[in-house]
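Q: My structure is in input_22.cif, and what it holds is mmCIF, N, CA and C atoms:
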```cif
data_upload
loop_
_atom_site.label_atom_id
_atom_site.label_comp_id
_atom_site.auth_asym_id
_atom_site.auth_seq_id
_atom_site.Cartn_x
_atom_site.Cartn_y
_atom_site.Cartn_z
N MET A 1 160.59 94.42 62.63
CA MET A 1 160.07 93.20 63.21
C MET A 1 158.99 93.55 64.24
N HIS A 2 157.93 92.81 64.23
CA HIS A 2 156.80 93.05 65.12
C HIS A 2 156.98 92.27 66.41
N GLU A 3 156.85 92.98 67.52
CA GLU A 3 156.93 92.33 68.82
C GLU A 3 155.65 91.54 69.07
N ALA A 4 155.75 90.45 69.80
CA ALA A 4 154.57 89.62 70.08
C ALA A 4 153.50 90.44 70.79
N PRO A 5 152.27 90.35 70.33
CA PRO A 5 151.18 91.08 70.97
C PRO A 5 150.87 90.49 72.34
N PRO A 6 150.26 91.28 73.21
CA PRO A 6 149.97 90.78 74.56
C PRO A 6 148.87 89.72 74.55
N GLY A 7 149.18 88.58 75.13
CA GLY A 7 148.22 87.48 75.17
C GLY A 7 146.94 87.84 75.90
N TRP A 8 147.05 88.67 76.96
CA TRP A 8 145.86 89.05 77.73
C TRP A 8 144.83 89.75 76.85
N LEU A 9 145.32 90.55 75.90
CA LEU A 9 144.39 91.28 75.05
C LEU A 9 143.79 90.38 73.98
N ILE A 10 144.57 89.47 73.45
CA ILE A 10 144.07 88.55 72.43
C ILE A 10 142.93 87.70 73.00
N VAL A 11 143.16 87.08 74.16
CA VAL A 11 142.10 86.24 74.74
C VAL A 11 140.96 87.08 75.28
N GLY A 12 141.26 88.32 75.69
CA GLY A 12 140.21 89.23 76.14
C GLY A 12 139.27 89.60 75.00
N ILE A 13 139.83 89.84 73.82
CA ILE A 13 139.00 90.14 72.65
C ILE A 13 138.12 88.94 72.31
N GLU A 14 138.69 87.74 72.42
CA GLU A 14 137.90 86.54 72.15
C GLU A 14 136.71 86.46 73.10
N ASP A 15 136.94 86.68 74.39
CA ASP A 15 135.83 86.62 75.34
C ASP A 15 134.90 87.82 75.21
N PHE A 16 135.40 88.95 74.75
CA PHE A 16 134.53 90.10 74.47
C PHE A 16 133.52 89.73 73.39
N VAL A 17 133.97 89.06 72.35
CA VAL A 17 133.07 88.62 71.28
C VAL A 17 132.04 87.64 71.85
N ARG A 18 132.48 86.74 72.71
CA ARG A 18 131.54 85.81 73.35
C ARG A 18 130.52 86.55 74.21
N THR A 19 130.98 87.58 74.91
CA THR A 19 130.08 88.39 75.73
C THR A 19 129.06 89.10 74.87
N GLU A 20 129.52 89.72 73.80
CA GLU A 20 128.63 90.43 72.89
C GLU A 20 127.62 89.47 72.25
N SER A 21 128.01 88.23 72.10
CA SER A 21 127.13 87.23 71.48
C SER A 21 126.20 86.56 72.48
N GLY A 22 126.34 86.91 73.75
CA GLY A 22 125.46 86.35 74.78
C GLY A 22 125.95 85.06 75.41
N TYR A 23 127.16 84.63 75.11
CA TYR A 23 127.67 83.38 75.67
C TYR A 23 128.30 83.55 77.05
N ILE A 24 128.63 84.79 77.41
CA ILE A 24 129.15 85.09 78.74
C ILE A 24 128.22 86.12 79.36
N ASP A 25 127.73 85.81 80.54
CA ASP A 25 126.75 86.66 81.22
C ASP A 25 127.45 87.86 81.86
N ARG A 26 127.02 89.05 81.47
CA ARG A 26 127.59 90.28 82.04
C ARG A 26 127.36 90.36 83.56
N ALA A 27 126.37 89.66 84.07
CA ALA A 27 126.08 89.68 85.50
C ALA A 27 127.20 89.06 86.32
N THR A 28 128.12 88.34 85.69
CA THR A 28 129.21 87.71 86.43
C THR A 28 130.39 88.64 86.63
N ARG A 29 130.33 89.84 86.07
CA ARG A 29 131.46 90.77 86.26
C ARG A 29 131.50 91.25 87.69
N GLY A 30 132.70 91.59 88.14
CA GLY A 30 132.86 92.07 89.50
C GLY A 30 133.98 93.08 89.59
N ALA A 31 133.99 93.80 90.67
CA ALA A 31 135.02 94.82 90.89
C ALA A 31 136.34 94.16 91.30
N GLY A 32 137.41 94.93 91.10
CA GLY A 32 138.73 94.48 91.53
C GLY A 32 139.51 93.82 90.42
N GLY A 33 140.69 93.39 90.77
CA GLY A 33 141.56 92.72 89.81
C GLY A 33 142.32 93.71 88.94
N SER A 34 142.66 93.25 87.76
CA SER A 34 143.43 94.04 86.81
C SER A 34 142.92 93.75 85.41
N TYR A 35 143.05 94.72 84.53
CA TYR A 35 142.56 94.55 83.16
C TYR A 35 143.19 93.36 82.45
N ASP A 36 144.35 92.92 82.90
CA ASP A 36 145.03 91.80 82.25
C ASP A 36 145.01 90.53 83.10
N ALA A 37 144.09 90.46 84.08
CA ALA A 37 144.05 89.36 85.03
C ALA A 37 143.51 88.05 84.45
N SER A 38 142.47 88.15 83.61
CA SER A 38 141.88 86.95 83.02
C SER A 38 141.12 87.36 81.77
N SER A 39 140.82 86.39 80.94
CA SER A 39 140.16 86.71 79.68
C SER A 39 138.79 87.34 79.90
N GLN A 40 138.03 86.86 80.88
CA GLN A 40 136.71 87.45 81.13
C GLN A 40 136.81 88.84 81.74
N THR A 41 137.78 89.05 82.62
CA THR A 41 137.98 90.38 83.19
C THR A 41 138.32 91.36 82.09
N THR A 42 139.22 90.98 81.21
CA THR A 42 139.58 91.83 80.07
C THR A 42 138.36 92.04 79.17
N ALA A 43 137.59 91.00 78.95
CA ALA A 43 136.39 91.12 78.10
C ALA A 43 135.41 92.12 78.68
N PHE A 44 135.19 92.08 79.98
CA PHE A 44 134.28 93.03 80.61
C PHE A 44 134.83 94.46 80.54
N PHE A 45 136.14 94.60 80.65
CA PHE A 45 136.78 95.91 80.50
C PHE A 45 136.56 96.41 79.07
N LEU A 46 136.74 95.55 78.08
CA LEU A 46 136.51 95.93 76.69
C LEU A 46 135.04 96.26 76.46
N ASP A 47 134.15 95.55 77.13
CA ASP A 47 132.73 95.84 77.04
C ASP A 47 132.46 97.26 77.53
N TYR A 48 133.10 97.65 78.61
CA TYR A 48 132.99 99.02 79.11
C TYR A 48 133.55 100.00 78.07
N LEU A 49 134.72 99.70 77.51
CA LEU A 49 135.31 100.60 76.51
C LEU A 49 134.43 100.72 75.27
N ALA A 50 133.67 99.68 74.97
CA ALA A 50 132.77 99.72 73.81
C ALA A 50 131.66 100.75 74.01
N THR A 51 131.40 101.14 75.25
CA THR A 51 130.42 102.21 75.48
C THR A 51 130.99 103.55 75.05
N LYS A 52 132.31 103.64 74.95
CA LYS A 52 133.00 104.86 74.50
C LYS A 52 133.26 104.82 73.00
N ASP A 53 133.47 103.61 72.48
CA ASP A 53 133.73 103.42 71.05
C ASP A 53 133.30 102.01 70.68
N ALA A 54 132.20 101.90 69.97
CA ALA A 54 131.63 100.60 69.62
C ALA A 54 132.59 99.73 68.81
N ASP A 55 133.58 100.33 68.16
CA ASP A 55 134.54 99.60 67.34
C ASP A 55 135.81 99.24 68.09
N VAL A 56 135.77 99.22 69.41
CA VAL A 56 136.96 98.99 70.21
C VAL A 56 137.67 97.68 69.82
N ALA A 57 136.95 96.60 69.70
CA ALA A 57 137.58 95.31 69.39
C ALA A 57 138.24 95.35 68.02
N TYR A 58 137.56 95.92 67.05
CA TYR A 58 138.14 96.04 65.71
C TYR A 58 139.42 96.87 65.74
N LYS A 59 139.35 98.01 66.42
CA LYS A 59 140.51 98.91 66.44
C LYS A 59 141.69 98.31 67.19
N LEU A 60 141.43 97.65 68.32
CA LEU A 60 142.52 97.01 69.05
C LEU A 60 143.09 95.84 68.25
N ASN A 61 142.22 95.07 67.63
CA ASN A 61 142.68 93.95 66.81
C ASN A 61 143.56 94.45 65.67
N ARG A 62 143.18 95.56 65.08
CA ARG A 62 143.98 96.15 64.00
C ARG A 62 145.37 96.53 64.52
N GLU A 63 145.45 97.03 65.74
CA GLU A 63 146.73 97.41 66.33
C GLU A 63 147.59 96.20 66.66
N LEU A 64 146.96 95.03 66.77
CA LEU A 64 147.70 93.80 67.07
C LEU A 64 148.25 93.12 65.82
N SER A 65 147.90 93.63 64.65
CA SER A 65 148.29 92.97 63.41
C SER A 65 149.80 93.01 63.20
N ALA A 66 150.29 92.05 62.46
CA ALA A 66 151.72 91.94 62.19
C ALA A 66 152.26 93.12 61.40
N THR A 67 151.39 93.87 60.74
CA THR A 67 151.85 95.02 59.96
C THR A 67 151.84 96.31 60.77
N SER A 68 151.36 96.25 62.01
CA SER A 68 151.35 97.42 62.87
C SER A 68 152.71 97.63 63.51
N PRO A 69 152.95 98.83 64.02
CA PRO A 69 154.19 99.05 64.78
C PRO A 69 154.23 98.17 66.02
N VAL A 70 155.33 98.16 66.70
CA VAL A 70 155.49 97.38 67.92
C VAL A 70 154.39 97.77 68.91
N TRP A 71 153.75 96.77 69.53
CA TRP A 71 152.66 97.01 70.46
C TRP A 71 153.15 97.68 71.73
N THR A 72 152.42 98.67 72.19
CA THR A 72 152.56 99.23 73.53
C THR A 72 151.15 99.58 74.01
N ASN A 73 151.01 99.71 75.31
CA ASN A 73 149.72 100.10 75.86
C ASN A 73 149.36 101.55 75.53
N ASP A 74 150.28 102.28 74.88
CA ASP A 74 150.00 103.65 74.46
C ASP A 74 148.84 103.71 73.47
N VAL A 75 148.50 102.60 72.87
CA VAL A 75 147.39 102.57 71.93
C VAL A 75 146.09 103.01 72.61
N PHE A 76 145.97 102.78 73.91
CA PHE A 76 144.77 103.21 74.63
C PHE A 76 144.69 104.74 74.68
N VAL A 77 145.83 105.40 74.82
CA VAL A 77 145.85 106.86 74.79
C VAL A 77 145.43 107.35 73.41
N GLU A 78 145.95 106.69 72.38
CA GLU A 78 145.60 107.07 71.01
C GLU A 78 144.11 106.90 70.73
N LEU A 79 143.53 105.81 71.22
CA LEU A 79 142.13 105.51 70.93
C LEU A 79 141.14 106.21 71.87
N PHE A 80 141.53 106.38 73.14
CA PHE A 80 140.58 106.87 74.13
C PHE A 80 141.00 108.15 74.86
N GLY A 81 142.23 108.60 74.61
CA GLY A 81 142.69 109.83 75.24
C GLY A 81 143.16 109.65 76.67
N SER A 82 143.20 108.42 77.17
CA SER A 82 143.66 108.13 78.53
C SER A 82 144.49 106.85 78.51
N ASP A 83 145.39 106.74 79.48
CA ASP A 83 146.18 105.51 79.57
C ASP A 83 145.30 104.38 80.10
N VAL A 84 145.75 103.17 79.91
CA VAL A 84 144.95 101.99 80.25
C VAL A 84 144.65 101.93 81.74
N ASP A 85 145.57 102.38 82.59
CA ASP A 85 145.32 102.33 84.03
C ASP A 85 144.20 103.31 84.43
N THR A 86 144.17 104.47 83.81
CA THR A 86 143.10 105.43 84.09
C THR A 86 141.76 104.90 83.59
N LEU A 87 141.77 104.31 82.41
CA LEU A 87 140.55 103.72 81.87
C LEU A 87 140.05 102.59 82.77
N TRP A 88 140.98 101.78 83.27
CA TRP A 88 140.61 100.69 84.18
C TRP A 88 139.98 101.26 85.46
N ALA A 89 140.57 102.31 86.01
CA ALA A 89 140.02 102.94 87.22
C ALA A 89 138.62 103.51 86.93
N ASP A 90 138.44 104.10 85.77
CA ASP A 90 137.12 104.61 85.39
C ASP A 90 136.11 103.48 85.33
N TYR A 91 136.51 102.38 84.71
CA TYR A 91 135.64 101.20 84.62
C TYR A 91 135.28 100.68 86.00
N GLN A 92 136.30 100.55 86.86
CA GLN A 92 136.07 100.03 88.19
C GLN A 92 135.08 100.90 88.97
N SER A 93 135.11 102.20 88.73
CA SER A 93 134.20 103.10 89.45
C SER A 93 132.74 102.91 89.02
N THR A 94 132.51 102.20 87.92
CA THR A 94 131.14 101.95 87.45
C THR A 94 130.55 100.68 88.06
N LEU A 95 131.38 99.89 88.71
CA LEU A 95 130.91 98.59 89.24
C LEU A 95 130.38 98.71 90.66
#
```
Written as structure tokens, that's how I'd like the structure from this file.
A:
Amino acid sequence: MHEAPPGWLIVGIEDFVRTESGYIDRATRGAGGSYDASSQTTAFFLDYLATKDADVAYKLNRELSATSPVWTNDVFVELFGSDVDTLWADYQSTL
């Protein structure tokens, strides 16, 4: 049985797509908060991760599928070699 995927990531991917399409202005991003604080905050974090892997949204979305194993944040280690908190700190240092 597949555990429910994290809502913060689902809505973050949605806003990431909006950001990539020009509907959300990257100039509105700011430092602080948490990667799961709001859809736009998550979207900007994913935008940063896309600089490391342009297919980040596709790969994360694939991990959210009902046929994937139970979701854990360990997927960030698998995809990027670092845990999500370290990646968030790296992102924050760029702002």
Q: Can you work out the spacing between CA of Leu60 (chain A) and atom N of Pro6 (chain A) in Å, to one decimal?
A: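 Taking CA of Leu60 (chain A) and atom N of Pro6 (chain A), their separation equals 10.5 Å.
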Q: Would you kindly return, as a PDB file with N, CA and C atoms, keeping the file's coordinate frame, each protein, DNA or RNA residue with an atom no farther than 10 Å from any atom of Pro5 (chain A), considering only C-alpha atoms and excluding same-chain residues fewer than 2 positions away?
A:
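Once written, part35.pdb looks like this:
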```pdb
ATOM      1  N   HIS A   2     157.930  92.810  64.230  1.00  0.00           N
ATOM      2  CA  HIS A   2     156.800  93.050  65.120  1.00  0.00           C
ATOM      3  C   HIS A   2     156.980  92.270  66.410  1.00  0.00           C
ATOM      4  N   GLU A   3     156.850  92.980  67.520  1.00  0.00           N
ATOM      5  CA  GLU A   3     156.930  92.330  68.820  1.00  0.00           C
ATOM      6  C   GLU A   3     155.650  91.540  69.070  1.00  0.00           C
ATOM      7  N   GLY A   7     149.180  88.580  75.130  1.00  0.00           N
ATOM      8  CA  GLY A   7     148.220  87.480  75.170  1.00  0.00           C
ATOM      9  C   GLY A   7     146.940  87.840  75.900  1.00  0.00           C
ATOM     10  N   TRP A   8     147.050  88.670  76.960  1.00  0.00           N
ATOM     11  CA  TRP A   8     145.860  89.050  77.730  1.00  0.00           C
ATOM     12  C   TRP A   8     144.830  89.750  76.850  1.00  0.00           C
ATOM     13  N   LEU A   9     145.320  90.550  75.900  1.00  0.00           N
ATOM     14  CA  LEU A   9     144.390  91.280  75.050  1.00  0.00           C
ATOM     15  C   LEU A   9     143.790  90.380  73.980  1.00  0.00           C
ATOM     16  N   ILE A  10     144.570  89.470  73.450  1.00  0.00           N
ATOM     17  CA  ILE A  10     144.070  88.550  72.430  1.00  0.00           C
ATOM     18  C   ILE A  10     142.930  87.700  73.000  1.00  0.00           C
ATOM     19  N   ASN A  61     142.220  95.070  67.630  1.00  0.00           N
ATOM     20  CA  ASN A  61     142.680  93.950  66.810  1.00  0.00           C
ATOM     21  C   ASN A  61     143.560  94.450  65.670  1.00  0.00           C
ATOM     22  N   GLU A  63     145.450  97.030  65.740  1.00  0.00           N
ATOM     23  CA  GLU A  63     146.730  97.410  66.330  1.00  0.00           C
ATOM     24  C   GLU A  63     147.590  96.200  66.660  1.00  0.00           C
ATOM     25  N   LEU A  64     146.960  95.030  66.770  1.00  0.00           N
ATOM     26  CA  LEU A  64     147.700  93.800  67.070  1.00  0.00           C
ATOM     27  C   LEU A  64     148.250  93.120  65.820  1.00  0.00           C
ATOM     28  N   SER A  65     147.900  93.630  64.650  1.00  0.00           N
ATOM     29  CA  SER A  65     148.290  92.970  63.410  1.00  0.00           C
ATOM     30  C   SER A  65     149.800  93.010  63.200  1.00  0.00           C
ATOM     31  N   ALA A  66     150.290  92.050  62.460  1.00  0.00           N
ATOM     32  CA  ALA A  66     151.720  91.940  62.190  1.00  0.00           C
ATOM     33  C   ALA A  66     152.260  93.120  61.400  1.00  0.00           C
ATOM     34  N   VAL A  70     155.330  98.160  66.700  1.00  0.00           N
ATOM     35  CA  VAL A  70     155.490  97.380  67.920  1.00  0.00           C
ATOM     36  C   VAL A  70     154.390  97.770  68.910  1.00  0.00           C
ATOM     37  N   TRP A  71     153.750  96.770  69.530  1.00  0.00           N
ATOM     38  CA  TRP A  71     152.660  97.010  70.460  1.00  0.00           C
ATOM     39  C   TRP A  71     153.150  97.680  71.730  1.00  0.00           C
ATOM     40  N   THR A  72     152.420  98.670  72.190  1.00  0.00           N
ATOM     41  CA  THR A  72     152.560  99.230  73.530  1.00  0.00           C
ATOM     42  C   THR A  72     151.150  99.580  74.010  1.00  0.00           C
TER      43      THR A  72
END
```
Q: With distances taken over only C-alpha atoms, which of A:Ser21, A:Thr67, A:Gly12, A:Arg62 is nearest to Tyr35 (chain A)?
A: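 Smallest distance to Tyr35 (chain A) is found for A:Gly12.
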Q: Could you please determine the separation between CA of Asp83 (chain A) and CA of Ser34 (chain A) in Å, to one decimal place?
A: 13.8 Å
Q: Separation of CA of Phe76 (chain A) and CA of Arg26 (chain A), in Å?
A: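 One can read the CA of Phe76 (chain A) to CA of Arg26 (chain A) distance as 22.7 Å.
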Q: DSSP on the backbone: what in chain A comes out alpha helix (DSSP H), as a JSON list (two decimals) with N, CA and C atoms, in the frame of the given file?
A:
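Generated file (part35.json):
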```json
[["chain", "number", "residue", "atom", "x", "y", "z"],
["A", 7, "GLY", "N", 149.18, 88.58, 75.13],
["A", 7, "GLY", "CA", 148.22, 87.48, 75.17],
["A", 7, "GLY", "C", 146.94, 87.84, 75.90],
["A", 8, "TRP", "N", 147.05, 88.67, 76.96],
["A", 8, "TRP", "CA", 145.86, 89.05, 77.73],
["A", 8, "TRP", "C", 144.83, 89.75, 76.85],
["A", 9, "LEU", "N", 145.32, 90.55, 75.90],
["A", 9, "LEU", "CA", 144.39, 91.28, 75.05],
["A", 9, "LEU", "C", 143.79, 90.38, 73.98],
["A", 10, "ILE", "N", 144.57, 89.47, 73.45],
["A", 10, "ILE", "CA", 144.07, 88.55, 72.43],
["A", 10, "ILE", "C", 142.93, 87.70, 73.00],
["A", 11, "VAL", "N", 143.16, 87.08, 74.16],
["A", 11, "VAL", "CA", 142.10, 86.24, 74.74],
["A", 11, "VAL", "C", 140.96, 87.08, 75.28],
["A", 12, "GLY", "N", 141.26, 88.32, 75.69],
["A", 12, "GLY", "CA", 140.21, 89.23, 76.14],
["A", 12, "GLY", "C", 139.27, 89.60, 75.00],
["A", 13, "ILE", "N", 139.83, 89.84, 73.82],
["A", 13, "ILE", "CA", 139.00, 90.14, 72.65],
["A", 13, "ILE", "C", 138.12, 88.94, 72.31],
["A", 14, "GLU", "N", 138.69, 87.74, 72.42],
["A", 14, "GLU", "CA", 137.90, 86.54, 72.15],
["A", 14, "GLU", "C", 136.71, 86.46, 73.10],
["A", 15, "ASP", "N", 136.94, 86.68, 74.39],
["A", 15, "ASP", "CA", 135.83, 86.62, 75.34],
["A", 15, "ASP", "C", 134.90, 87.82, 75.21],
["A", 16, "PHE", "N", 135.40, 88.95, 74.75],
["A", 16, "PHE", "CA", 134.53, 90.10, 74.47],
["A", 16, "PHE", "C", 133.52, 89.73, 73.39],
["A", 17, "VAL", "N", 133.97, 89.06, 72.35],
["A", 17, "VAL", "CA", 133.07, 88.62, 71.28],
["A", 17, "VAL", "C", 132.04, 87.64, 71.85],
["A", 18, "ARG", "N", 132.48, 86.74, 72.71],
["A", 18, "ARG", "CA", 131.54, 85.81, 73.35],
["A", 18, "ARG", "C", 130.52, 86.55, 74.21],
["A", 19, "THR", "N", 130.98, 87.58, 74.91],
["A", 19, "THR", "CA", 130.08, 88.39, 75.73],
["A", 19, "THR", "C", 129.06, 89.10, 74.87],
["A", 20, "GLU", "N", 129.52, 89.72, 73.80],
["A", 20, "GLU", "CA", 128.63, 90.43, 72.89],
["A", 20, "GLU", "C", 127.62, 89.47, 72.25],
["A", 39, "SER", "N", 140.82, 86.39, 80.94],
["A", 39, "SER", "CA", 140.16, 86.71, 79.68],
["A", 39, "SER", "C", 138.79, 87.34, 79.90],
["A", 40, "GLN", "N", 138.03, 86.86, 80.88],
["A", 40, "GLN", "CA", 136.71, 87.45, 81.13],
["A", 40, "GLN", "C", 136.81, 88.84, 81.74],
["A", 41, "THR", "N", 137.78, 89.05, 82.62],
["A", 41, "THR", "CA", 137.98, 90.38, 83.19],
["A", 41, "THR", "C", 138.32, 91.36, 82.09],
["A", 42, "THR", "N", 139.22, 90.98, 81.21],
["A", 42, "THR", "CA", 139.58, 91.83, 80.07],
["A", 42, "THR", "C", 138.36, 92.04, 79.17],
["A", 43, "ALA", "N", 137.59, 91.00, 78.95],
["A", 43, "ALA", "CA", 136.39, 91.12, 78.10],
["A", 43, "ALA", "C", 135.41, 92.12, 78.68],
["A", 44, "PHE", "N", 135.19, 92.08, 79.98],
["A", 44, "PHE", "CA", 134.28, 93.03, 80.61],
["A", 44, "PHE", "C", 134.83, 94.46, 80.54],
["A", 45, "PHE", "N", 136.14, 94.60, 80.65],
["A", 45, "PHE", "CA", 136.78, 95.91, 80.50],
["A", 45, "PHE", "C", 136.56, 96.41, 79.07],
["A", 46, "LEU", "N", 136.74, 95.55, 78.08],
["A", 46, "LEU", "CA", 136.51, 95.93, 76.69],
["A", 46, "LEU", "C", 135.04, 96.26, 76.46],
["A", 47, "ASP", "N", 134.15, 95.55, 77.13],
["A", 47, "ASP", "CA", 132.73, 95.84, 77.04],
["A", 47, "ASP", "C", 132.46, 97.26, 77.53],
["A", 48, "TYR", "N", 133.10, 97.65, 78.61],
["A", 48, "TYR", "CA", 132.99, 99.02, 79.11],
["A", 48, "TYR", "C", 133.55, 100.00, 78.07],
["A", 49, "LEU", "N", 134.72, 99.70, 77.51],
["A", 49, "LEU", "CA", 135.31, 100.60, 76.51],
["A", 49, "LEU", "C", 134.43, 100.72, 75.27],
["A", 50, "ALA", "N", 133.67, 99.68, 74.97],
["A", 50, "ALA", "CA", 132.77, 99.72, 73.81],
["A", 50, "ALA", "C", 131.66, 100.75, 74.01],
["A", 56, "VAL", "N", 135.77, 99.22, 69.41],
["A", 56, "VAL", "CA", 136.96, 98.99, 70.21],
["A", 56, "VAL", "C", 137.67, 97.68, 69.82],
["A", 57, "ALA", "N", 136.95, 96.60, 69.70],
["A", 57, "ALA", "CA", 137.58, 95.31, 69.39],
["A", 57, "ALA", "C", 138.24, 95.35, 68.02],
["A", 58, "TYR", "N", 137.56, 95.92, 67.05],
["A", 58, "TYR", "CA", 138.14, 96.04, 65.71],
["A", 58, "TYR", "C", 139.42, 96.87, 65.74],
["A", 59, "LYS", "N", 139.35, 98.01, 66.42],
["A", 59, "LYS", "CA", 140.51, 98.91, 66.44],
["A", 59, "LYS", "C", 141.69, 98.31, 67.19],
["A", 60, "LEU", "N", 141.43, 97.65, 68.32],
["A", 60, "LEU", "CA", 142.52, 97.01, 69.05],
["A", 60, "LEU", "C", 143.09, 95.84, 68.25],
["A", 61, "ASN", "N", 142.22, 95.07, 67.63],
["A", 61, "ASN", "CA", 142.68, 93.95, 66.81],
["A", 61, "ASN", "C", 143.56, 94.45, 65.67],
["A", 62, "ARG", "N", 143.18, 95.56, 65.08],
["A", 62, "ARG", "CA", 143.98, 96.15, 64.00],
["A", 62, "ARG", "C", 145.37, 96.53, 64.52],
["A", 63, "GLU", "N", 145.45, 97.03, 65.74],
["A", 63, "GLU", "CA", 146.73, 97.41, 66.33],
["A", 63, "GLU", "C", 147.59, 96.20, 66.66],
["A", 75, "VAL", "N", 148.50, 102.60, 72.87],
["A", 75, "VAL", "CA", 147.39, 102.57, 71.93],
["A", 75, "VAL", "C", 146.09, 103.01, 72.61],
["A", 76, "PHE", "N", 145.97, 102.78, 73.91],
["A", 76, "PHE", "CA", 144.77, 103.21, 74.63],
["A", 76, "PHE", "C", 144.69, 104.74, 74.68],
["A", 77, "VAL", "N", 145.83, 105.40, 74.82],
["A", 77, "VAL", "CA", 145.85, 106.86, 74.79],
["A", 77, "VAL", "C", 145.43, 107.35, 73.41],
["A", 78, "GLU", "N", 145.95, 106.69, 72.38],
["A", 78, "GLU", "CA", 145.60, 107.07, 71.01],
["A", 78, "GLU", "C", 144.11, 106.90, 70.73],
["A", 79, "LEU", "N", 143.53, 105.81, 71.22],
["A", 79, "LEU", "CA", 142.13, 105.51, 70.93],
["A", 79, "LEU", "C", 141.14, 106.21, 71.87],
["A", 80, "PHE", "N", 141.53, 106.38, 73.14],
["A", 80, "PHE", "CA", 140.58, 106.87, 74.13],
["A", 80, "PHE", "C", 141.00, 108.15, 74.86],
["A", 84, "VAL", "N", 145.75, 103.17, 79.91],
["A", 84, "VAL", "CA", 144.95, 101.99, 80.25],
["A", 84, "VAL", "C", 144.65, 101.93, 81.74],
["A", 85, "ASP", "N", 145.57, 102.38, 82.59],
["A", 85, "ASP", "CA", 145.32, 102.33, 84.03],
["A", 85, "ASP", "C", 144.20, 103.31, 84.43],
["A", 86, "THR", "N", 144.17, 104.47, 83.81],
["A", 86, "THR", "CA", 143.10, 105.43, 84.09],
["A", 86, "THR", "C", 141.76, 104.90, 83.59],
["A", 87, "LEU", "N", 141.77, 104.31, 82.41],
["A", 87, "LEU", "CA", 140.55, 103.72, 81.87],
["A", 87, "LEU", "C", 140.05, 102.59, 82.77],
["A", 88, "TRP", "N", 140.98, 101.78, 83.27],
["A", 88, "TRP", "CA", 140.61, 100.69, 84.18],
["A", 88, "TRP", "C", 139.98, 101.26, 85.46],
["A", 89, "ALA", "N", 140.57, 102.31, 86.01],
["A", 89, "ALA", "CA", 140.02, 102.94, 87.22],
["A", 89, "ALA", "C", 138.62, 103.51, 86.93],
["A", 90, "ASP", "N", 138.44, 104.10, 85.77],
["A", 90, "ASP", "CA", 137.12, 104.61, 85.39],
["A", 90, "ASP", "C", 136.11, 103.48, 85.33],
["A", 91, "TYR", "N", 136.51, 102.38, 84.71],
["A", 91, "TYR", "CA", 135.64, 101.20, 84.62],
["A", 91, "TYR", "C", 135.28, 100.68, 86.00],
["A", 92, "GLN", "N", 136.30, 100.55, 86.86],
["A", 92, "GLN", "CA", 136.07, 100.03, 88.19],
["A", 92, "GLN", "C", 135.08, 100.90, 88.97]]
```
Q: For a quick check of understanding, using only C-alpha atoms, which of A:Tyr58, A:Phe44, A:Trp88, A:Phe16 has the smallest distance to Gly30 (chain A)?
A: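 The answer is A:Phe44, which sits nearest to Gly30 (chain A).
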